[in-house]
Each structure stands twice: as structure tokens, then as C-alpha cells.
Amino acid sequence: MLICANTMIYLEDDAQSAMAKLAAMGFEAVDLFGDMPTLDYRYLDSLELKAIRSLSERYKLDLSMHGPCWDLNPASASRSHRDDVVAHYREGIRLAAALGAKTIVLHSGWRSDPKLSRSDALSYAKDTFARCRPELEQTGVAIAVENVGLGTLNMFRNCAEWVGIAQEVDHAAIGLALDVGHAYLQGWDPAVAVSMAGSILRHVHLHSNDGISDGHLRLDQGVVDVSPAIKAMQQIGYTGHASIEIYAAHNKEEALEVSRKVIQDILVA
């Protein structure tokens with residue numbers, strides 16, 4: 001696996017600045033957050049694209065990208081909203097290709113309302129991802145479907161249903177992104193999720209929380225033990241990005257350094 005960091009921690013910085021900071025810290029891989037004020041997948045111009053590509057080449061950074069996510073639900077009960085999500089996801093896939101990212105992480109979705117059927121929501125999500133296949137085939141980018149949706153809006157009864165999204169869409173370029181912090185809040189065993197995903201696990205997000213809310217805490221805080229998931233990743237021979245996806249209002253570099261050390265210590269234990 002390749003330890004990387006998500007630029008979400010530098011949400012208000014431009015992408016080039018965030019990448020340079022992470023490269024200076026010794027990260028060989030960067031997970032670009034592609035839906036931030038300074039990296040808008042809809043309006044990025046050719047000069048910005050060229051600058052980001054140039055920076056990734058200069059520092060020899062292996063890139064992945066978190067795709068469009070704000071206010072977008074691929075499992076929405078509204079057909080018109082899902083049409084909009086597909087359009088946004090397709091734009092995100094094209095941006096990932098333009099930036100040189102091999103994988104784009106996209107959210108799985110959630111029930112629009114607790115009264116609505118879980119199975120319908122899952123069906124809607126599968127249809128949304130299936131409709132992205134033309135862009136995947138044209139660009140060579142792979143989708144990794146991230147487990148999201150907490151509490152009464154969660155459409156997953158278990159991690160097998162998350163795995164089933166990729167299995168049932170059945171396309172070589174559609175795999176899975178396990179968010180370990182989300183999995184903890186969803187009541188899953190992250191190590192079991194890793195094992196169930198197996199060869200279609202394309203990306204992993206690592207962060208902690210307080211067991212109640214999705215705080216994206218550094219890995220030495222909160223209640224989430226990422227060790228079993230990382231050991232399971234080793235066992236299946238996982239070679240993708242292990243992305244530190246944390247928030248930190250202050251001491252950002254310290255939070256990243258400490259989190260990276262947590263992962264490194266687990267890997268050699």
C-alpha cells in the first residue's frame with residue numbers, strides 16, 4: 001500500500017500549495033480533494049491543469065482524486081437529481097484523467113428519507129455508477145465507491161451490500177473505497193470489509209472519530225482503531241492508496257505526521 005494524504009486538510013489552499021506542502025513532508029502520493037473552493041472540477045482552466053500536472057511530475061507524486069460530493073446523492077429517490085449527479089460525476093472523471101489521477105473516489109449515496117426503501121436506494125446507486133461507464137472507458141480512470149450514509153439514512157444493512165454495488169454493476173473500472181471511520185460508525189468490522197472487498201478494493205480512507213459523529217480526527221485521537229483494517233490490507237496484498245483523510249483546524253502538519261507514524265508503526269509491528 002502507498003501511504004498518502006488528502007488535500008482536504010488544506011481546504012482553503014490552492015491545490016498546488018497543498019501538494020507542495022505534502023511533497024515537502026515526504027508524501028509520495030496525494031489524494032486530491034476535487035470539490036473544494038480552490039479546485040472546482042467544473043471551472044478549472046487549462047493553466048491550472050498544467051500547473052498541477054507539472055507539480056505532480058516535479059515531485060513524482062502518485063495521484064488519486066476524491067470526486068464531486070457536496071449536495072450530491074447518487075442514491076436519491078429523485079430521478080432528476082440522479083441525472084445531475086451523473087453529469088457531475090462524469091465531469092469529475094474527466095478532470096481526474098486530465099490531472100493524471102488513476103482513481104476517483106465517489107460517494108455511494110444514502111436514502112433520501114428514512115421511510116424510503118433501502119433496496120430502492122441501492123438500486124438507484126447502482127444505476128448512477130453504471131451510467132458513468134462511457135467516461136471510464138474513454139479515460140482509463142477507475143471509480144472507487146466509498147461507503148457513506150449514517151444513522152437512519154444509511155442504505156446499507158451490512159458491508160456486503162456495499163461490496164454488492166461494485167459486483168453488480170460488474171465493470172472492470174468500478175471498484176470500492178473503504179472509509180474506515182465511516183465503517184466504524186456504520187457498525188461494520190473494517191477488517192471484514194477489507195477482506196470482503198478483496199481484489200476490487202481500490203482506495204482506503206483512514207481517520208478516527210468519537211464514535212458518534214464523523215469528525216475525521218487524526219489517527220491518535222478518537223475511538224477508531226485502524227490497526228485491524230491495515231493488517232487486513234497487508235493480508236490481501238493491497239497496493240492502492242491508504243489515504244489520511246483528516247480535518248485539523250490547527251497544527252495540520254503535526255496531525256499528518258502523527259497519523260502517518262500510526263500507520264507506519266502498524267505496518268512494521
# chains A, B, ... in the order shown; residues from 1 in each chain; ligands from 1

$ closest_atom_pairs --of "segment 134-220 of chain A" --to "segment 233-241 of chain A" --cutoff "10 Å" --atoms "only C-alpha atoms" --output "tab-separated table"
residue	atom	partner	partner_atom	distance
A:Ala177	CA	A:His241	CA	9.7
A:Ala191	CA	A:Met233	CA	7.9
A:Val194	CA	A:Met233	CA	6.4
A:Ser195	CA	A:Ile236	CA	7.0
A:Ala197	CA	A:Ile236	CA	9.6
A:Gly198	CA	A:Ile236	CA	6.5
A:Ser199	CA	A:Ile236	CA	7.8
A:Ile200	CA	A:Tyr238	CA	9.7
A:Leu201	CA	A:Tyr238	CA	7.6
A:Arg202	CA	A:Gly240	CA	5.7
A:His203	CA	A:His241	CA	5.3
A:Val204	CA	A:His241	CA	6.3
A:His205	CA	A:His241	CA	8.3

$ residues_around --residues "Ile143 of chain A" --least-positions-apart "4" --cutoff "6 Å" --atoms "only C-alpha atoms" --output "number ranges by chain"
A: 103-105, 174-175

$ write_last_selection --atoms "N, CA and C atoms" --output "mmCIF file, in the first residue's frame"
data_model
loop_
_atom_site.group_PDB
_atom_site.id
_atom_site.type_symbol
_atom_site.label_atom_id
_atom_site.label_comp_id
_atom_site.auth_asym_id
_atom_site.auth_seq_id
_atom_site.Cartn_x
_atom_site.Cartn_y
_atom_site.Cartn_z
ATOM 1 N N THR A 103 -7.387 6.931 -10.076
ATOM 2 C CA THR A 103 -8.617 6.515 -9.395
ATOM 3 C C THR A 103 -9.375 7.733 -8.908
ATOM 4 N N ILE A 104 -10.701 7.701 -9.034
ATOM 5 C CA ILE A 104 -11.548 8.741 -8.464
ATOM 6 C C ILE A 104 -12.484 8.090 -7.450
ATOM 7 N N VAL A 105 -12.503 8.636 -6.252
ATOM 8 C CA VAL A 105 -13.392 8.154 -5.191
ATOM 9 C C VAL A 105 -14.716 8.902 -5.292
ATOM 10 N N ILE A 174 -14.871 -0.269 -12.059
ATOM 11 C CA ILE A 174 -15.653 0.149 -10.898
ATOM 12 C C ILE A 174 -15.330 -0.766 -9.728
ATOM 13 N N GLY A 175 -14.662 -0.176 -8.720
ATOM 14 C CA GLY A 175 -14.289 -0.909 -7.519
ATOM 15 C C GLY A 175 -14.787 -0.196 -6.276
#

$ atom_distance --atom1 "atom CA of Ser54 of chain A" --atom2 "atom CA of Ile9 of chain A"
21.7 Å

$ closest_residue --among "A:Glu245, A:Asp189, A:Asp35, A:Asp14" --to "Pro228 of chain A" --atoms "only C-alpha atoms"
A:Asp189

$ residues_around --residues "Ala20 of chain A" --least-positions-apart "5" --cutoff "12 Å" --atoms "only C-alpha atoms" --output "PyMOL selection string"
chain A and resi 5+7+10+13-15+25-30+51-52+54-61

$ residues_around --residues "Trp110 of chain A" --least-positions-apart "6" --cutoff "10 Å" --atoms "only C-alpha atoms" --output "ChimeraX atom specification"
/A:73-77,118,121-122,124-125,147-156

$ closest_residue --among "A:His107, A:His216, A:Arg133, A:Arg157" --to "Leu176 of chain A" --atoms "only C-alpha atoms"
A:His107

$ select_by_dssp --residues "segment 43-230 of chain A" --states "strand (DSSP E or B)" --output "list in words"
Asp62, Leu63, Ser64, Met65, His66, Thr103, Ile104, Val105, Leu106, His107, Ala142, Ile143, Ala144, Val145, Glu146, Ile174, Gly175, Leu176, Ala177, Leu178, Asp179, Leu201, Arg202, His203, Val204, His205, Leu206, Ser208 and Leu217 of chain A

$ select_by_dssp --residues "segment 32-264 of chain A" --states "alpha helix (DSSP H)" --output "PyMOL selection string"
chain A and resi 46-58+79-99+118-130+133-139+159-169+180-185+190-197+227-235+252-264

$ atom_distance --atom1 "atom CA of Ala166 of chain A" --atom2 "atom CA of Leu95 of chain A"
21.9 Å

$ decode --residues "segment 221-251 of chain A" --atoms "N, CA and C atoms" --output "JSON list (two decimals), in the first residue's frame"
[["chain", "number", "residue", "atom", "x", "y", "z"],
["A", 221, "GLN", "N", -6.21, 10.06, 17.91],
["A", 221, "GLN", "CA", -7.32, 10.56, 18.70],
["A", 221, "GLN", "C", -8.56, 9.71, 18.44],
["A", 222, "GLY", "N", -9.61, 9.95, 19.22],
["A", 222, "GLY", "CA", -10.87, 9.26, 18.99],
["A", 222, "GLY", "C", -10.85, 7.80, 19.40],
["A", 223, "VAL", "N", -11.83, 7.05, 18.91],
["A", 223, "VAL", "CA", -12.04, 5.67, 19.37],
["A", 223, "VAL", "C", -11.78, 4.63, 18.28],
["A", 224, "VAL", "N", -11.44, 5.06, 17.08],
["A", 224, "VAL", "CA", -11.27, 4.12, 15.97],
["A", 224, "VAL", "C", -9.86, 3.54, 15.97],
["A", 225, "ASP", "N", -9.77, 2.22, 16.05],
["A", 225, "ASP", "CA", -8.50, 1.52, 15.94],
["A", 225, "ASP", "C", -8.35, 1.07, 14.48],
["A", 226, "VAL", "N", -7.43, 1.71, 13.76],
["A", 226, "VAL", "CA", -7.28, 1.38, 12.34],
["A", 226, "VAL", "C", -6.39, 0.16, 12.12],
["A", 227, "SER", "N", -5.79, -0.36, 13.19],
["A", 227, "SER", "CA", -4.84, -1.46, 13.05],
["A", 227, "SER", "C", -5.43, -2.70, 12.36],
["A", 228, "PRO", "N", -6.61, -3.20, 12.78],
["A", 228, "PRO", "CA", -7.13, -4.41, 12.11],
["A", 228, "PRO", "C", -7.34, -4.23, 10.61],
["A", 229, "ALA", "N", -7.82, -3.03, 10.21],
["A", 229, "ALA", "CA", -8.03, -2.79, 8.78],
["A", 229, "ALA", "C", -6.70, -2.78, 8.03],
["A", 230, "ILE", "N", -5.69, -2.14, 8.60],
["A", 230, "ILE", "CA", -4.39, -2.08, 7.93],
["A", 230, "ILE", "C", -3.76, -3.47, 7.85],
["A", 231, "LYS", "N", -3.86, -4.25, 8.90],
["A", 231, "LYS", "CA", -3.35, -5.62, 8.86],
["A", 231, "LYS", "C", -4.09, -6.45, 7.80],
["A", 232, "ALA", "N", -5.40, -6.24, 7.69],
["A", 232, "ALA", "CA", -6.17, -6.96, 6.67],
["A", 232, "ALA", "C", -5.74, -6.53, 5.27],
["A", 233, "MET", "N", -5.43, -5.23, 5.10],
["A", 233, "MET", "CA", -4.93, -4.75, 3.81],
["A", 233, "MET", "C", -3.62, -5.43, 3.45],
["A", 234, "GLN", "N", -2.74, -5.61, 4.44],
["A", 234, "GLN", "CA", -1.50, -6.34, 4.20],
["A", 234, "GLN", "C", -1.78, -7.78, 3.78],
["A", 235, "GLN", "N", -2.73, -8.40, 4.44],
["A", 235, "GLN", "CA", -3.02, -9.81, 4.18],
["A", 235, "GLN", "C", -3.54, -10.05, 2.77],
["A", 236, "ILE", "N", -4.31, -9.10, 2.23],
["A", 236, "ILE", "CA", -4.84, -9.31, 0.87],
["A", 236, "ILE", "C", -3.89, -8.77, -0.20],
["A", 237, "GLY", "N", -2.75, -8.22, 0.23],
["A", 237, "GLY", "CA", -1.79, -7.68, -0.74],
["A", 237, "GLY", "C", -2.26, -6.40, -1.38],
["A", 238, "TYR", "N", -2.94, -5.57, -0.60],
["A", 238, "TYR", "CA", -3.48, -4.31, -1.13],
["A", 238, "TYR", "C", -2.34, -3.39, -1.56],
["A", 239, "THR", "N", -2.44, -2.84, -2.79],
["A", 239, "THR", "CA", -1.37, -1.99, -3.33],
["A", 239, "THR", "C", -1.83, -0.55, -3.63],
["A", 240, "GLY", "N", -3.07, -0.21, -3.28],
["A", 240, "GLY", "CA", -3.59, 1.12, -3.58],
["A", 240, "GLY", "C", -3.21, 2.14, -2.53],
["A", 241, "HIS", "N", -3.87, 3.29, -2.59],
["A", 241, "HIS", "CA", -3.61, 4.38, -1.66],
["A", 241, "HIS", "C", -4.26, 4.12, -0.31],
["A", 242, "ALA", "N", -3.50, 4.34, 0.75],
["A", 242, "ALA", "CA", -4.02, 4.40, 2.12],
["A", 242, "ALA", "C", -4.00, 5.86, 2.49],
["A", 243, "SER", "N", -5.12, 6.54, 2.33],
["A", 243, "SER", "CA", -5.18, 7.99, 2.38],
["A", 243, "SER", "C", -5.56, 8.50, 3.76],
["A", 244, "ILE", "N", -4.70, 9.36, 4.34],
["A", 244, "ILE", "CA", -5.00, 10.02, 5.60],
["A", 244, "ILE", "C", -5.97, 11.16, 5.28],
["A", 245, "GLU", "N", -7.25, 11.00, 5.67],
["A", 245, "GLU", "CA", -8.29, 11.96, 5.32],
["A", 245, "GLU", "C", -8.81, 12.60, 6.60],
["A", 246, "ILE", "N", -8.06, 13.58, 7.09],
["A", 246, "ILE", "CA", -8.37, 14.17, 8.39],
["A", 246, "ILE", "C", -8.64, 15.66, 8.27],
["A", 247, "TYR", "N", -9.41, 16.18, 9.24],
["A", 247, "TYR", "CA", -9.56, 17.61, 9.45],
["A", 247, "TYR", "C", -8.61, 18.03, 10.57],
["A", 248, "ALA", "N", -8.08, 19.22, 10.50],
["A", 248, "ALA", "CA", -7.27, 19.77, 11.59],
["A", 248, "ALA", "C", -7.28, 21.28, 11.43],
["A", 249, "ALA", "N", -7.95, 21.95, 12.34],
["A", 249, "ALA", "CA", -8.03, 23.41, 12.25],
["A", 249, "ALA", "C", -6.67, 24.05, 12.49],
["A", 250, "HIS", "N", -5.86, 23.39, 13.33],
["A", 250, "HIS", "CA", -4.53, 23.92, 13.67],
["A", 250, "HIS", "C", -3.52, 22.77, 13.61],
["A", 251, "ASN", "N", -2.25, 23.12, 13.57],
["A", 251, "ASN", "CA", -1.17, 22.12, 13.61],
["A", 251, "ASN", "C", -1.40, 21.01, 12.57]]
